[in-house]
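As provided, upload-v4.txt (compact mmCIF, C-alpha atoms) reads as follows.
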# COMPACT_ATOMS: atom_id res chain seq x y z
CA MET A 1 12.41 8.63 20.63
CA THR A 2 16.09 8.28 19.72
CA ARG A 3 18.03 11.52 20.21
CA ALA A 4 20.04 12.92 17.32
CA SER A 5 23.29 12.52 19.29
CA THR A 6 22.89 8.77 19.86
CA LEU A 7 22.85 5.68 17.72
CA GLU A 8 20.58 3.44 19.75
CA ASP A 9 19.23 0.33 18.07
CA THR A 10 15.49 0.88 18.48
CA PHE A 11 12.42 -0.94 17.16
CA ARG A 12 8.94 0.35 16.28
CA VAL A 13 7.54 -3.21 16.17
CA SER A 14 8.78 -6.54 17.55
CA PRO A 15 8.96 -9.81 15.56
CA ASP A 16 6.06 -11.28 17.57
CA ASP A 17 3.78 -8.21 17.32
CA ALA A 18 0.35 -9.59 16.35
CA GLU A 19 -0.68 -6.57 14.27
CA TYR A 20 2.64 -6.58 12.43
CA LEU A 21 2.41 -10.31 11.67
CA GLN A 22 -1.08 -9.87 10.28
CA MET A 23 0.11 -7.03 8.05
CA LEU A 24 3.04 -9.18 6.95
CA ARG A 25 0.72 -11.99 5.86
CA GLU A 26 -1.44 -9.52 3.98
CA GLU A 27 1.67 -8.02 2.35
CA GLU A 28 2.72 -11.43 1.07
CA GLU A 29 -0.80 -12.10 -0.25
CA PHE A 30 -0.85 -8.71 -1.97
CA TRP A 31 2.36 -9.38 -3.88
CA ASP A 32 1.17 -12.85 -4.85
CA THR A 33 -1.50 -11.19 -6.99
CA HIS A 34 0.18 -7.91 -8.05
CA VAL A 35 3.03 -7.65 -10.52
CA GLU A 36 3.04 -3.87 -10.95
CA THR A 37 1.88 -1.08 -8.68
CA LEU A 38 1.73 2.69 -8.77
CA LEU A 39 5.37 3.13 -7.71
CA THR A 40 6.89 0.33 -9.79
CA LYS A 41 5.74 1.52 -13.20
CA THR A 42 8.49 2.68 -15.54
CA PRO A 43 8.20 6.48 -15.91
CA ARG A 44 7.84 8.15 -19.28
CA ARG A 45 11.11 9.06 -20.97
CA SER A 46 10.71 12.79 -20.31
CA ILE A 47 10.11 12.15 -16.61
CA GLN A 48 13.05 9.76 -16.35
CA ARG A 49 15.34 12.33 -17.97
CA TYR A 50 14.14 14.97 -15.51
CA LEU A 51 14.79 12.66 -12.55
CA ASN A 52 18.22 11.78 -13.91
CA GLU A 53 19.08 15.46 -14.23
CA ARG A 54 17.98 16.10 -10.65
CA PHE A 55 19.84 13.10 -9.21
CA THR A 56 23.00 12.84 -11.31
CA GLY A 57 23.25 16.12 -13.24
CA ASP A 58 23.01 14.18 -16.51
CA PRO A 59 19.61 13.47 -18.12
CA ASP A 60 21.00 10.28 -19.64
CA LYS A 61 22.61 8.91 -16.47
CA LEU A 62 20.64 6.83 -13.96
CA TRP A 63 21.32 7.18 -10.24
CA TYR A 64 22.98 3.77 -9.85
CA GLN A 65 25.33 4.50 -12.74
CA THR A 66 27.02 7.07 -10.49
CA ILE A 67 28.09 4.48 -7.91
CA GLY A 68 31.24 3.68 -9.86
CA ASP A 69 32.21 7.37 -9.69
CA GLU A 70 32.78 6.96 -5.94
CA GLY A 71 35.64 4.46 -6.37
CA GLU A 72 36.10 0.71 -6.36
CA PHE A 73 34.23 -1.71 -4.11
CA ALA A 74 34.94 -5.30 -3.09
CA ASN A 75 32.27 -6.46 -0.65
CA GLY A 76 28.75 -5.11 -0.98
CA CYS A 77 25.13 -5.75 -0.11
CA VAL A 78 21.82 -4.89 -1.74
CA PHE A 79 18.54 -4.50 0.15
CA GLY A 80 15.60 -5.67 -1.93
CA ALA A 81 15.69 -8.09 -4.86
CA GLY A 82 14.74 -5.97 -7.85
CA PRO A 83 14.62 -6.82 -11.56
CA GLY A 84 18.41 -7.11 -11.63
CA GLN A 85 19.61 -4.06 -13.57
CA VAL A 86 21.24 -2.46 -10.53
CA GLU A 87 23.03 -5.66 -9.48
CA GLU A 88 24.23 -6.33 -13.03
CA GLN A 89 25.57 -2.79 -13.34
CA LEU A 90 27.48 -3.12 -10.08
CA LEU A 91 29.00 -6.51 -10.88
CA LYS A 92 29.98 -5.38 -14.38
CA ARG A 93 31.51 -2.08 -13.23
CA HIS A 94 33.41 -3.58 -10.26
CA PRO A 95 35.13 -6.86 -11.30
CA GLN A 96 36.27 -7.65 -7.74
CA LEU A 97 32.87 -7.02 -6.16
CA HIS A 98 30.93 -9.71 -4.32
CA LEU A 99 27.29 -8.97 -3.48
CA THR A 100 24.98 -10.25 -0.75
CA ILE A 101 21.32 -9.57 -1.59
CA PHE A 102 18.66 -9.41 1.15
CA ASP A 103 14.91 -9.73 0.59
CA ILE A 104 11.89 -11.21 2.35
CA SER A 105 10.69 -12.98 -0.81
CA GLY A 106 12.33 -16.33 -1.49
CA ASP A 107 10.85 -16.41 -5.01
CA ALA A 108 12.27 -12.98 -5.89
CA LEU A 109 15.67 -13.98 -4.54
CA GLY A 110 15.61 -17.24 -6.47
CA ARG A 111 14.85 -15.50 -9.76
CA LEU A 112 17.60 -12.95 -9.22
CA GLN A 113 20.12 -15.57 -8.11
CA GLY A 114 19.53 -17.55 -11.28
CA ARG A 115 19.91 -14.46 -13.45
CA LEU A 116 23.17 -13.36 -11.82
CA ASP A 117 24.69 -16.86 -11.67
CA GLY A 118 24.35 -17.08 -15.43
CA GLN A 119 26.39 -13.92 -15.98
CA TYR A 120 28.54 -13.57 -12.86
CA PRO A 121 28.89 -17.05 -11.31
CA GLY A 122 30.06 -17.12 -7.71
CA ARG A 123 29.89 -13.35 -7.24
CA ALA A 124 26.43 -13.00 -5.70
CA GLU A 125 24.57 -14.73 -2.89
CA THR A 126 21.07 -14.21 -1.54
CA ARG A 127 19.63 -14.22 1.98
CA GLN A 128 15.94 -14.35 2.79
CA GLN A 129 15.44 -11.84 5.57
CA ASP A 130 12.81 -9.42 6.83
CA LEU A 131 14.63 -6.07 6.64
CA ASN A 132 12.63 -4.85 9.62
CA PHE A 133 14.72 -7.21 11.76
CA VAL A 134 17.85 -7.72 9.68
CA GLU A 135 21.12 -8.30 11.56
CA LEU A 136 24.19 -7.27 9.60
CA PRO A 137 27.85 -8.05 10.33
CA ALA A 138 29.84 -5.16 11.76
CA GLU A 139 32.20 -3.23 9.43
CA ALA A 140 31.73 -5.81 6.69
CA TYR A 141 30.61 -3.86 3.62
CA ASP A 142 32.32 -1.09 1.71
CA LEU A 143 29.16 -0.74 -0.41
CA ALA A 144 25.46 -0.93 0.51
CA VAL A 145 22.59 -0.20 -1.89
CA ALA A 146 18.83 0.11 -1.40
CA ASN A 147 16.56 0.60 -4.40
CA ALA A 148 12.90 1.39 -3.63
CA SER A 149 12.76 -1.02 -0.68
CA ILE A 150 12.99 1.22 2.39
CA HIS A 151 9.56 2.83 2.03
CA HIS A 152 8.03 -0.54 3.01
CA LEU A 153 9.85 -0.69 6.35
CA VAL A 154 8.46 0.03 9.81
CA ASN A 155 11.66 -0.35 11.86
CA LEU A 156 13.50 2.45 10.09
CA GLU A 157 15.72 3.20 13.10
CA HIS A 158 16.84 -0.41 13.43
CA PHE A 159 17.53 -0.70 9.70
CA ALA A 160 19.53 2.53 9.61
CA TYR A 161 21.46 1.45 12.71
CA GLN A 162 22.34 -1.87 11.11
CA VAL A 163 23.42 -0.28 7.84
CA ASN A 164 25.65 2.19 9.65
CA ARG A 165 27.38 -0.48 11.76
CA SER A 166 27.84 -2.73 8.73
CA LEU A 167 29.78 -0.12 6.74
CA THR A 168 33.56 0.02 6.77
CA ALA A 169 35.19 3.29 7.76
CA GLU A 170 35.21 4.47 4.13
CA GLY A 171 32.09 2.56 3.11
CA ARG A 172 29.23 4.10 1.15
CA PHE A 173 25.47 3.58 1.29
CA PHE A 174 23.46 4.53 -1.81
CA MET A 175 19.70 4.92 -1.52
CA ASN A 176 16.99 5.69 -4.05
CA ASP A 177 13.45 5.67 -2.72
CA ALA A 178 10.05 7.29 -2.26
CA VAL A 179 10.20 9.85 0.56
CA PHE A 180 6.88 11.71 0.29
CA GLU A 181 4.34 11.93 3.08
CA SER A 182 3.71 8.54 4.70
CA TYR A 183 0.73 6.62 3.33
CA PHE A 184 0.37 9.25 0.57
CA GLN A 185 -1.23 11.69 3.04
CA PHE A 186 -0.17 14.84 1.22
CA THR A 187 -0.52 18.22 2.84
CA GLU A 188 -3.42 20.45 1.84
CA GLU A 189 -0.94 23.04 0.54
CA LYS A 190 0.65 20.48 -1.78
CA LYS A 191 -2.72 19.30 -3.10
CA ARG A 192 -3.91 22.86 -3.65
CA MET A 193 -0.73 23.78 -5.50
CA PHE A 194 -0.97 20.75 -7.77
CA GLN A 195 -4.66 21.38 -8.44
CA THR A 196 -3.84 25.00 -9.32
CA TYR A 197 -1.23 23.79 -11.81
CA VAL A 198 -3.69 21.31 -13.35
CA ASP A 199 -6.44 23.95 -13.66
CA ALA A 200 -4.09 26.55 -15.14
CA THR A 201 -2.73 24.21 -17.82
CA ARG A 202 -5.87 22.21 -18.56
CA ASP A 203 -7.05 21.85 -22.14
CA SER A 204 -10.29 20.28 -23.34
CA SER A 205 -8.75 16.82 -23.56
CA GLU A 206 -8.03 16.78 -19.84
CA SER A 207 -11.69 16.60 -18.89
CA ARG A 208 -11.14 12.86 -19.20
CA PHE A 209 -9.07 12.85 -16.01
CA LYS A 210 -9.70 13.39 -12.32
CA ILE A 211 -7.49 13.42 -9.22
CA VAL A 212 -8.23 10.76 -6.63
CA TRP A 213 -6.30 11.25 -3.39
CA PRO A 214 -5.53 8.04 -1.47
CA SER A 215 -7.55 7.40 1.67
CA LYS A 216 -6.25 5.33 4.57
CA ASP A 217 -9.85 4.27 5.21
CA GLU A 218 -10.11 2.79 1.71
CA TRP A 219 -6.55 1.55 1.26
CA GLU A 220 -5.84 -0.01 -2.15
CA PHE A 221 -2.13 -0.63 -1.75
CA SER A 222 -0.01 -3.17 0.09
CA PRO A 223 -0.17 -2.86 3.92
CA PHE A 224 3.40 -1.55 4.18
CA GLU A 225 3.28 0.76 1.17
CA CYS A 226 4.93 4.04 2.24
CA ALA A 227 4.32 3.18 5.92
CA ARG A 228 6.99 5.65 7.07
CA SER A 229 8.27 7.07 3.78
CA GLY A 230 8.01 10.63 5.06
CA GLU A 231 10.49 9.88 7.85
CA ILE A 232 13.23 8.18 5.81
CA LEU A 233 15.45 11.20 5.23
CA ASP A 234 15.21 12.39 8.84
CA VAL A 235 16.03 8.96 10.28
CA PHE A 236 18.94 8.38 7.93
CA ALA A 237 20.35 11.83 8.72
CA ARG A 238 20.49 10.84 12.37
CA TYR A 239 21.93 7.36 11.97
CA LEU A 240 24.30 7.81 9.02
CA ALA A 241 26.46 10.62 7.68
CA PRO A 242 24.74 12.29 4.68
CA LEU A 243 27.26 13.07 1.95
CA ARG A 244 24.97 14.06 -0.90
CA ILE A 245 21.17 14.17 -1.01
CA ARG A 246 19.26 14.96 -4.20
CA THR A 247 15.48 15.24 -4.30
CA ALA A 248 12.63 15.48 -6.81
CA GLY A 249 8.92 14.83 -7.07
CA ALA A 250 7.42 17.40 -4.71
CA LEU A 251 4.66 17.95 -7.28
CA LEU A 252 5.57 15.46 -9.98
CA ALA A 253 4.71 12.49 -7.76
CA LEU A 254 1.11 13.67 -7.55
CA THR A 255 0.57 12.91 -11.24
CA LEU A 256 0.39 9.26 -10.15
CA PHE A 257 -3.06 9.95 -8.72
CA ARG A 258 -4.67 11.22 -11.90
CA GLN A 259 -7.19 8.66 -13.09
CA PRO A 260 -9.47 8.41 -16.13
CA ASP A 261 -12.86 10.00 -15.53
CA ASP A 262 -15.51 7.71 -17.01
CA SER A 263 -18.42 9.68 -15.59
CA ARG A 264 -19.12 11.44 -18.88
CA GLY A 265 -20.00 8.24 -20.73
CA ARG A 266 -19.01 7.01 -24.19
CA LEU A 267 -20.13 10.12 -26.08
CA GLY A 268 -18.12 12.40 -23.83
CA ARG A 269 -15.02 10.28 -24.34
CA VAL A 270 -15.45 10.37 -28.12
CA ILE A 271 -15.78 14.16 -28.06
CA ASP A 272 -12.62 14.44 -25.94
CA GLU A 273 -10.71 12.26 -28.37
CA VAL A 274 -11.79 14.38 -31.34
CA ARG A 275 -10.76 17.56 -29.52
CA THR A 276 -7.40 16.04 -28.67
CA ARG A 277 -6.72 15.20 -32.31
CA LEU A 278 -7.66 18.71 -33.42
CA LEU A 279 -5.39 20.28 -30.81
CA ARG A 280 -2.48 18.15 -31.98
CA ARG A 281 -2.76 19.75 -35.44
CA GLY A 282 -2.46 23.29 -34.12
CA LEU A 283 -0.42 25.30 -31.69
CA SER A 284 -1.34 25.46 -28.02
CA VAL A 285 0.35 27.10 -25.06
CA THR A 286 -0.91 24.13 -23.05
CA SER A 287 0.72 21.47 -25.23
CA GLY A 288 1.86 18.33 -23.45
CA ARG A 289 5.53 19.25 -23.76
CA ALA A 290 5.00 22.79 -22.44
CA ARG A 291 2.95 21.51 -19.49
CA GLY A 292 5.64 18.97 -18.70
CA GLU A 293 8.42 21.54 -18.72
CA LEU A 294 6.41 23.85 -16.47
CA LEU A 295 5.72 21.03 -14.03
CA PHE A 296 9.41 20.09 -13.92
CA LEU A 297 10.33 23.72 -13.23
CA LEU A 298 7.81 24.04 -10.40
CA ASP A 299 8.79 20.67 -9.01
CA GLY A 300 12.46 21.59 -8.81
CA LEU A 301 11.70 24.95 -7.21
CA MET A 302 9.50 23.37 -4.53
CA CYS A 303 12.16 20.76 -3.70
CA ASP A 304 15.07 23.19 -3.63
CA SER A 305 13.22 25.77 -1.54
CA GLY A 306 11.99 23.19 0.96
CA ARG A 307 8.46 24.57 0.52
CA LEU A 308 7.03 21.09 -0.13
CA VAL A 309 8.07 17.60 0.92
CA PRO A 310 9.90 15.86 -1.97
CA GLY A 311 8.54 12.67 -3.45
CA GLN A 312 11.74 10.85 -4.30
CA ALA A 313 15.35 11.04 -3.14
CA PHE A 314 18.76 9.76 -4.12
CA GLY A 315 21.18 9.82 -1.23
CA ILE A 316 24.81 8.89 -0.65
CA TYR A 317 25.77 8.25 2.97
CA GLY A 318 28.91 7.41 4.83
CA ARG A 319 29.40 5.73 8.17
CA ARG A 320 28.64 8.01 11.11
CA GLY A 321 31.64 7.97 13.38
CA GLY A 322 33.68 6.19 10.73
Now, as a test, write the supplied structure out as structure tokens.
Amino acid sequence: MTRASTLEDTFRVSPDDAEYLQMLREEEEFWDTHVETLLTKTPRRSIQRYLNERFTGDPDKLWYQTIGDEGEFANGCVFGAGPGQVEEQLLKRHPQLHLTIFDISGDALGRLQGRLDGQYPGRAETRQQDLNFVELPAEAYDLAVANASIHHLVNLEHFAYQVNRSLTAEGRFFMNDAVFESYFQFTEEKKRMFQTYVDATRDSSESRFKIVWPSKDEWEFSPFECARSGEILDVFARYLAPLRIRTAGALLALTLFRQPDDSRGRLGRVIDEVRTRLLRRGLSVTSGRARGELLFLLDGLMCDSGRLVPGQAFGIYGRRGG
């Protein structure tokens, strides 16, 4: 185990580890057949506004729109080839910025390269690289960004070490990612608290839903999904210098595991739909908006108090020792 006072470049797995290579093949096969997963779905507008408020202080401002508030940047890197909104925002906001984008998927990099070349020719390049073993140039980047890519990594210590050494003395690393318990193995206290909230605010329409907690024995996600998500903030705090950390989702993230309950049959579903329509015509203390506001309040309290592990974090880091 790496001590808090050191910055040793350590690995959890090696590039020739048989179990890791098998998981890597399965990961690639998973993403060949899945376009959207639980964590990639666009949240409802009310949830997005709540997350924005938690992360940026402005319900209408996304986390990556705050990067420009930290100054100007010239040479940056992005870990994970996403849809492109983050990269476009950065290149538009910083006219002198050149980006290097790292991802294990050649197809994802190719799509993003084509998109950026059309709008910002010559200002972005891509590199196909497994982030578990990425080697970054020393003191090369004044900006580094990771958007929902770190929770798939196993070699967190190595990645954090590489990011830290790649930053210039005044460089900044911006991270937005899932940080709840690894492999979705929530604590019993967290599950009980969420169930209590659901029971206390349930109306007749909610009999159509049930909570299904993920099981590692019946894993339905990609092999690396949230492999060490619960350790991200601790590892980064050791290897980089935390400047500002904002969290959310201690309870809110658990809404992802509510699923339709089809056990009641067609008649039961019809009855639920009728009840829902009737409720919408009257007043109810358990209206959808009221339940949402209560959940946001509880979620923020649990994150701020440290009572429960948060589900999502936005962090700004500097170079440790820089």
So that I can check the surroundings of stretch 158-167 of chain A, please list as a JSON list (two decimals) with C-alpha atoms, in the frame of the given file every protein, DNA and RNA residue that reaches within 6 Å of it, counting only C-alpha atoms and ignoring chain neighbours fewer than 6 positions away.
[["chain", "number", "residue", "atom", "x", "y", "z"],
["A", 9, "ASP", "CA", 19.23, 0.33, 18.07],
["A", 10, "THR", "CA", 15.49, 0.88, 18.48],
["A", 11, "PHE", "CA", 12.42, -0.94, 17.16],
["A", 136, "LEU", "CA", 24.19, -7.27, 9.60],
["A", 137, "PRO", "CA", 27.85, -8.05, 10.33],
["A", 138, "ALA", "CA", 29.84, -5.16, 11.76],
["A", 139, "GLU", "CA", 32.20, -3.23, 9.43],
["A", 140, "ALA", "CA", 31.73, -5.81, 6.69],
["A", 141, "TYR", "CA", 30.61, -3.86, 3.62],
["A", 142, "ASP", "CA", 32.32, -1.09, 1.71],
["A", 239, "TYR", "CA", 21.93, 7.36, 11.97],
["A", 240, "LEU", "CA", 24.30, 7.81, 9.02],
["A", 319, "ARG", "CA", 29.40, 5.73, 8.17]]
Handout entry: Shortest interatomic distance to A:Thr247 - which of A:Tyr64, A:Trp31, A:Phe314, A:Tyr20, counting all atoms listed in the file
Key =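 Ranked by minimum distance to A:Thr247, first place goes to A:Phe314.
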Handout entry: Exercise: A:His152 partners within 12 Å, all atoms listed in the file, chain neighbours under 5 positions left out, as a PyMOL selection string
Key = chain A and resi 23-24+27+39+79-80+103-104+130-132+146-147+159+177-179+182-183+221-232
How would the residues just chosen look if you wrote them out with C-alpha atoms as a PDB file, in the coordinates of the input?
ATOM      1  CA  MET A  23       0.110  -7.030   8.050  1.00  0.00           C
ATOM      2  CA  LEU A  24       3.040  -9.180   6.950  1.00  0.00           C
ATOM      3  CA  GLU A  27       1.670  -8.020   2.350  1.00  0.00           C
ATOM      4  CA  LEU A  39       5.370   3.130  -7.710  1.00  0.00           C
ATOM      5  CA  PHE A  79      18.540  -4.500   0.150  1.00  0.00           C
ATOM      6  CA  GLY A  80      15.600  -5.670  -1.930  1.00  0.00           C
ATOM      7  CA  ASP A 103      14.910  -9.730   0.590  1.00  0.00           C
ATOM      8  CA  ILE A 104      11.890 -11.210   2.350  1.00  0.00           C
ATOM      9  CA  ASP A 130      12.810  -9.420   6.830  1.00  0.00           C
ATOM     10  CA  LEU A 131      14.630  -6.070   6.640  1.00  0.00           C
ATOM     11  CA  ASN A 132      12.630  -4.850   9.620  1.00  0.00           C
ATOM     12  CA  ALA A 146      18.830   0.110  -1.400  1.00  0.00           C
ATOM     13  CA  ASN A 147      16.560   0.600  -4.400  1.00  0.00           C
ATOM     14  CA  PHE A 159      17.530  -0.700   9.700  1.00  0.00           C
ATOM     15  CA  ASP A 177      13.450   5.670  -2.720  1.00  0.00           C
ATOM     16  CA  ALA A 178      10.050   7.290  -2.260  1.00  0.00           C
ATOM     17  CA  VAL A 179      10.200   9.850   0.560  1.00  0.00           C
ATOM     18  CA  SER A 182       3.710   8.540   4.700  1.00  0.00           C
ATOM     19  CA  TYR A 183       0.730   6.620   3.330  1.00  0.00           C
ATOM     20  CA  PHE A 221      -2.130  -0.630  -1.750  1.00  0.00           C
ATOM     21  CA  SER A 222      -0.010  -3.170   0.090  1.00  0.00           C
ATOM     22  CA  PRO A 223      -0.170  -2.860   3.920  1.00  0.00           C
ATOM     23  CA  PHE A 224       3.400  -1.550   4.180  1.00  0.00           C
ATOM     24  CA  GLU A 225       3.280   0.760   1.170  1.00  0.00           C
ATOM     25  CA  CYS A 226       4.930   4.040   2.240  1.00  0.00           C
ATOM     26  CA  ALA A 227       4.320   3.180   5.920  1.00  0.00           C
ATOM     27  CA  ARG A 228       6.990   5.650   7.070  1.00  0.00           C
ATOM     28  CA  SER A 229       8.270   7.070   3.780  1.00  0.00           C
ATOM     29  CA  GLY A 230       8.010  10.630   5.060  1.00  0.00           C
ATOM     30  CA  GLU A 231      10.490   9.880   7.850  1.00  0.00           C
ATOM     31  CA  ILE A 232      13.230   8.180   5.810  1.00  0.00           C
TER      32      ILE A 232
END
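Straight-line separation from atom CA of A:Glu29 to atom CA of A:Trp213: 24.2 Å.
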Exercise for the section: Would you list the contacts of A:Gly76 as a PyMOL selection string, taking every protein, DNA or RNA residue within 12 Å and counting all atoms listed in the file, but skipping same-chain residues closer than 6 positions in sequence? Expected result: chain A and resi 67+87+90-91+94+96-102+123-126+136-137+139-146+163+166-168+171-174
